[in-house]
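A.B. asks: Quick one: the structure is below, and I'll ask about it shortly.
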Amino acid sequence: MKGKSNTPAIRFKGFSDDWELRKLGECFTERKESMPDGELISVTIGEGIKKFSELGRHDNSNDDKSKYKKVCIGDIAYNSMRMWQGASGYSPFEGIVSPAYTVLSPNTDIVDSKCISYLFKRSDMTHVFQINSQGITSDNWNLKYPALSEIKISVSPYLEEQHQIASYLSSFDNLITLHQRKLEKLQNIKKSMLEKMFPQNGSNVPEIRFKGFTDVWEQRKFFSVFEGLQNNTLSRADLNYENGTVKNVHYGDVMIKFGDYIDASETDLPYISDDAKADKFKNSFLQDGDIIIADTAEDDTVGKCTEIQGSEGLKLLSGLHTIACRPKEKYGPMFLGYYINSPAYHNQLKPLMQGIKVTSISKSALQDTDMIMPKSIEEQTMIGEYFANLDNLITLHQRKLEKLQNIKKSMLEKMFV
């Protein structure tokens, strides 16, 4: 049913009456009861309410906890200086919080506090918290209970409707958590296999390899594996995503957007706006197997690379702050991209990095680095395919997670007034 101004856009069957406007002071009282002993609770922007133990944190302080506030099951606790950023949460357990937090005890005849905790996360609600906070700058904005108690919210007159909203959104949270854990597990598997499938610490064989391969890996210098290609120095202002004949790989995309390899035919790459500028680099058009290394970053991730695949029929150049390299001989698809980004290779770049706020690495510094690789193209190919399949699984779970998060965001907008 299409919502009116005082009813939500989506409702469960059986509920039709208008929602009621109430002050938060009618819905919650401030719990000021102190409790020096108990499970320490943290209230964060992203995690909501969590036990210290769940977050892997321990109370190592010798603070006097005599003024710590008691939190009961069903309470909402919030950080009064970060409420406008979403630092609040429903507590499913009993514990204690720092006196810097505010604890809200629900009037259970009027509200389901878990339902209201979701309302508190809506962007329009956090904006209300912001404009009602006291303080000159965002660094000292503060929303204490007296100011919060005067804020009005629309609530369903039916507690059962509130229960159902809370249950529905909670089920989404559970699904999101499940997919987050699956995603983290896959990411950890990839991290572990990057360490185990490439030789480390002076070894010439990896800890884990595919059956049928027993030869030692050979060590070669970077300069003997690659020849250099020319890159351009065009800024983002010289690029566009609408039209052109030559596409460009920008270092910022290598650092943030691209993985260990890209399929250029399916990747959204910008065009060089001026064909005349692009034509100057026509002898350095990229092809499959070429490696693009970002030579500048704000941390030690400098040196991250992406390998080009799917370039057939495309005109593609390496852009600003990149080092473009072409293998002197054939390697298994995607192998070099995964290897150069692995700790086995990347760790040796750290002593070669220069700069403090902005870190960089030079072409000359790369030339003498060591590369340890299998002679067998078949083994290289199997390694590249293994990690590509793992990345595809990771991407699949990321998309599922994003879809669930978007559905939840939409429901937060449509299930409240």
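Chain identifiers are assigned as A, B, and so on, following the order in which chains appear in the structure tokens; residues are numbered from 1 within each chain, and ligands are numbered from 1 in order of appearance.
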For range 142-152 of chain A, find every residue with an atom within 6 Å (counting only C-alpha atoms), except residues of its own chain fewer than 3 positions away, and show them as a list in words.
C.D. replies: Arg22, Lys23, Leu24, Gly25, Ser80, Met81, Ser133 and Gln134 of chain A
A.B. asks: Any chance you could export the current selection's N, CA, C and O atoms as a compact mmCIF listing (two decimals), in the first residue's frame?
C.D. replies:
# COMPACT_ATOMS: atom_id res chain seq x y z
N ARG A 22 5.50 10.97 18.69
CA ARG A 22 5.82 10.97 20.12
C ARG A 22 7.22 11.53 20.36
O ARG A 22 8.11 11.35 19.54
N LYS A 23 7.38 12.17 21.51
CA LYS A 23 8.71 12.60 21.92
C LYS A 23 9.50 11.39 22.39
O LYS A 23 8.93 10.46 22.99
N LEU A 24 10.81 11.42 22.13
CA LEU A 24 11.65 10.30 22.60
C LEU A 24 11.62 10.20 24.12
O LEU A 24 11.82 9.12 24.67
N GLY A 25 11.37 11.32 24.79
CA GLY A 25 11.26 11.29 26.25
C GLY A 25 10.06 10.49 26.73
O GLY A 25 10.05 10.02 27.87
N SER A 80 27.20 10.03 22.90
CA SER A 80 26.55 11.33 22.74
C SER A 80 27.31 12.26 21.80
O SER A 80 26.72 13.19 21.25
N MET A 81 28.60 12.01 21.57
CA MET A 81 29.37 12.84 20.65
C MET A 81 29.39 12.29 19.23
O MET A 81 29.85 12.96 18.31
N SER A 133 22.31 18.44 18.32
CA SER A 133 23.51 18.34 19.15
C SER A 133 24.02 19.74 19.48
O SER A 133 23.86 20.68 18.71
N GLN A 134 24.61 19.85 20.64
CA GLN A 134 25.14 21.14 21.07
C GLN A 134 26.65 21.15 20.90
O GLN A 134 27.33 20.15 21.12
A.B. asks: Considering only C-alpha atoms, tabulate each residue of range 294-345 of chain A that lies at most 9 Å from range 243-252 of chain A along with its nearest interatomic pair and the corresponding distance in Å to one decimal; arrange the rows by chain and ascending residue number and present them as CSV.
C.D. replies:
residue,atom,partner,partner_atom,distance
A:Ala294,CA,A:Tyr251,CA,5.1
A:Asp295,CA,A:Tyr251,CA,7.7
A:Thr296,CA,A:Tyr251,CA,7.8
A:Ala297,CA,A:Gly252,CA,8.5
A:Leu314,CA,A:Val246,CA,7.5
A:Lys315,CA,A:Val246,CA,4.9
A:Leu316,CA,A:Lys247,CA,4.7
A:Leu317,CA,A:Asn248,CA,4.9
A:Ser318,CA,A:Val249,CA,5.0
A:Gly319,CA,A:His250,CA,5.0
A:Leu320,CA,A:His250,CA,6.0
A:His321,CA,A:Tyr251,CA,5.7
A:Thr322,CA,A:Tyr251,CA,5.7
A.B. asks: Restrict the calculation to only C-alpha atoms, then for each residue of range 157-255 of chain A with any atom at most 10 Å from an atom of range 384-390 of chain A give the closest atom pair and their distance in Å to one decimal, rows by chain and rising residue number, as CSV.
C.D. replies:
residue,atom,partner,partner_atom,distance
A:Leu186,CA,A:Leu390,CA,7.4
A:Gln187,CA,A:Leu390,CA,8.7
A:Ile189,CA,A:Leu390,CA,8.7
A:Lys190,CA,A:Leu390,CA,7.0
A:Met193,CA,A:Phe387,CA,8.6
A:Leu194,CA,A:Phe387,CA,8.6
A.B. asks: Using only C-alpha atoms, can you tell me which of A:Gln367, A:Thr126, A:Ser117, A:Thr44 comes closest to Phe222 in chain A?
C.D. replies: A:Gln367
A.B. asks: Could you pull the residues within 12 Å of Gln354 in chain A, counting only C-alpha atoms, minus those fewer than 5 positions along the same chain, as a PyMOL selection string?
C.D. replies: chain A and resi 295-300+302-303+349+359-362+365
A.B. asks: Using only C-alpha atoms for the distances, tell me which of A:Ile372, A:Ile356, A:Ile45, A:Ala77 is nearest to Lys121 in chain A.
C.D. replies: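 Closest to Lys121 in chain A of all the choices is A:Ile45.
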A.B. asks: Could you state the separation of CA of Arg326 in chain A and CA of Glu227 in chain A in Å, given to one decimal place?
C.D. replies: 5.3 Å
A.B. asks: Could you state the separation of CA of Asp279 in chain A and CA of Ile291 in chain A in Å, given to one decimal place?
C.D. replies: 20.8 Å
A.B. asks: Give me, as a ChimeraX atom specification, all polymer residues having an atom no more than 8 Å from Val71 in chain A, counting only C-alpha atoms and skipping those fewer than 5 positions away in the same chain.
C.D. replies: /A:31,77,91,93-97,103
A.B. asks: Generate a file of the selected residues that holds N, CA and C atoms, formatted as a short mmCIF file (atom, residue, chain, number, x, y, z; two decimals), in the first residue's frame.
C.D. replies:
data_model
loop_
_atom_site.label_atom_id
_atom_site.label_comp_id
_atom_site.auth_asym_id
_atom_site.auth_seq_id
_atom_site.Cartn_x
_atom_site.Cartn_y
_atom_site.Cartn_z
N ARG A 31 18.71 5.75 31.73
CA ARG A 31 19.15 4.86 32.80
C ARG A 31 20.47 5.39 33.36
N ALA A 77 22.06 2.08 23.90
CA ALA A 77 23.16 2.92 24.38
C ALA A 77 23.73 3.69 23.20
N SER A 91 20.93 -3.29 22.82
CA SER A 91 21.75 -4.25 23.55
C SER A 91 20.99 -5.55 23.79
N PHE A 93 22.21 -7.94 25.49
CA PHE A 93 22.79 -8.53 26.70
C PHE A 93 22.99 -7.44 27.75
N GLU A 94 23.28 -7.88 28.97
CA GLU A 94 23.55 -6.94 30.07
C GLU A 94 25.04 -6.66 30.14
N GLY A 95 25.39 -5.43 30.50
CA GLY A 95 26.80 -5.08 30.62
C GLY A 95 26.96 -3.69 31.19
N ILE A 96 28.15 -3.14 31.03
CA ILE A 96 28.42 -1.78 31.53
C ILE A 96 29.13 -0.98 30.44
N VAL A 97 28.87 0.34 30.46
CA VAL A 97 29.52 1.24 29.51
C VAL A 97 30.12 2.41 30.27
N VAL A 103 22.54 5.90 28.21
CA VAL A 103 21.78 4.65 28.15
C VAL A 103 20.29 4.97 28.21
#
A.B. asks: To test your reading of the structure, identify every residue in range 251-366 of chain A that backbone DSSP assigns to alpha helix (DSSP H), and report it as a ChimeraX atom specification.
C.D. replies: /A:251-256,275-279,335-341,343-346,363-366
A.B. asks: Using only C-alpha atoms for the distances, tell me which of A:Val43, A:Leu401, A:Met35, A:Leu175 is nearest to Lys67 in chain A.
C.D. replies: A:Met35
A.B. asks: Quick one: distance from CA of Tyr331 in chain A to CA of Phe223 in chain A in Å, one decimal?
C.D. replies: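 It comes out at 15.4 Å.
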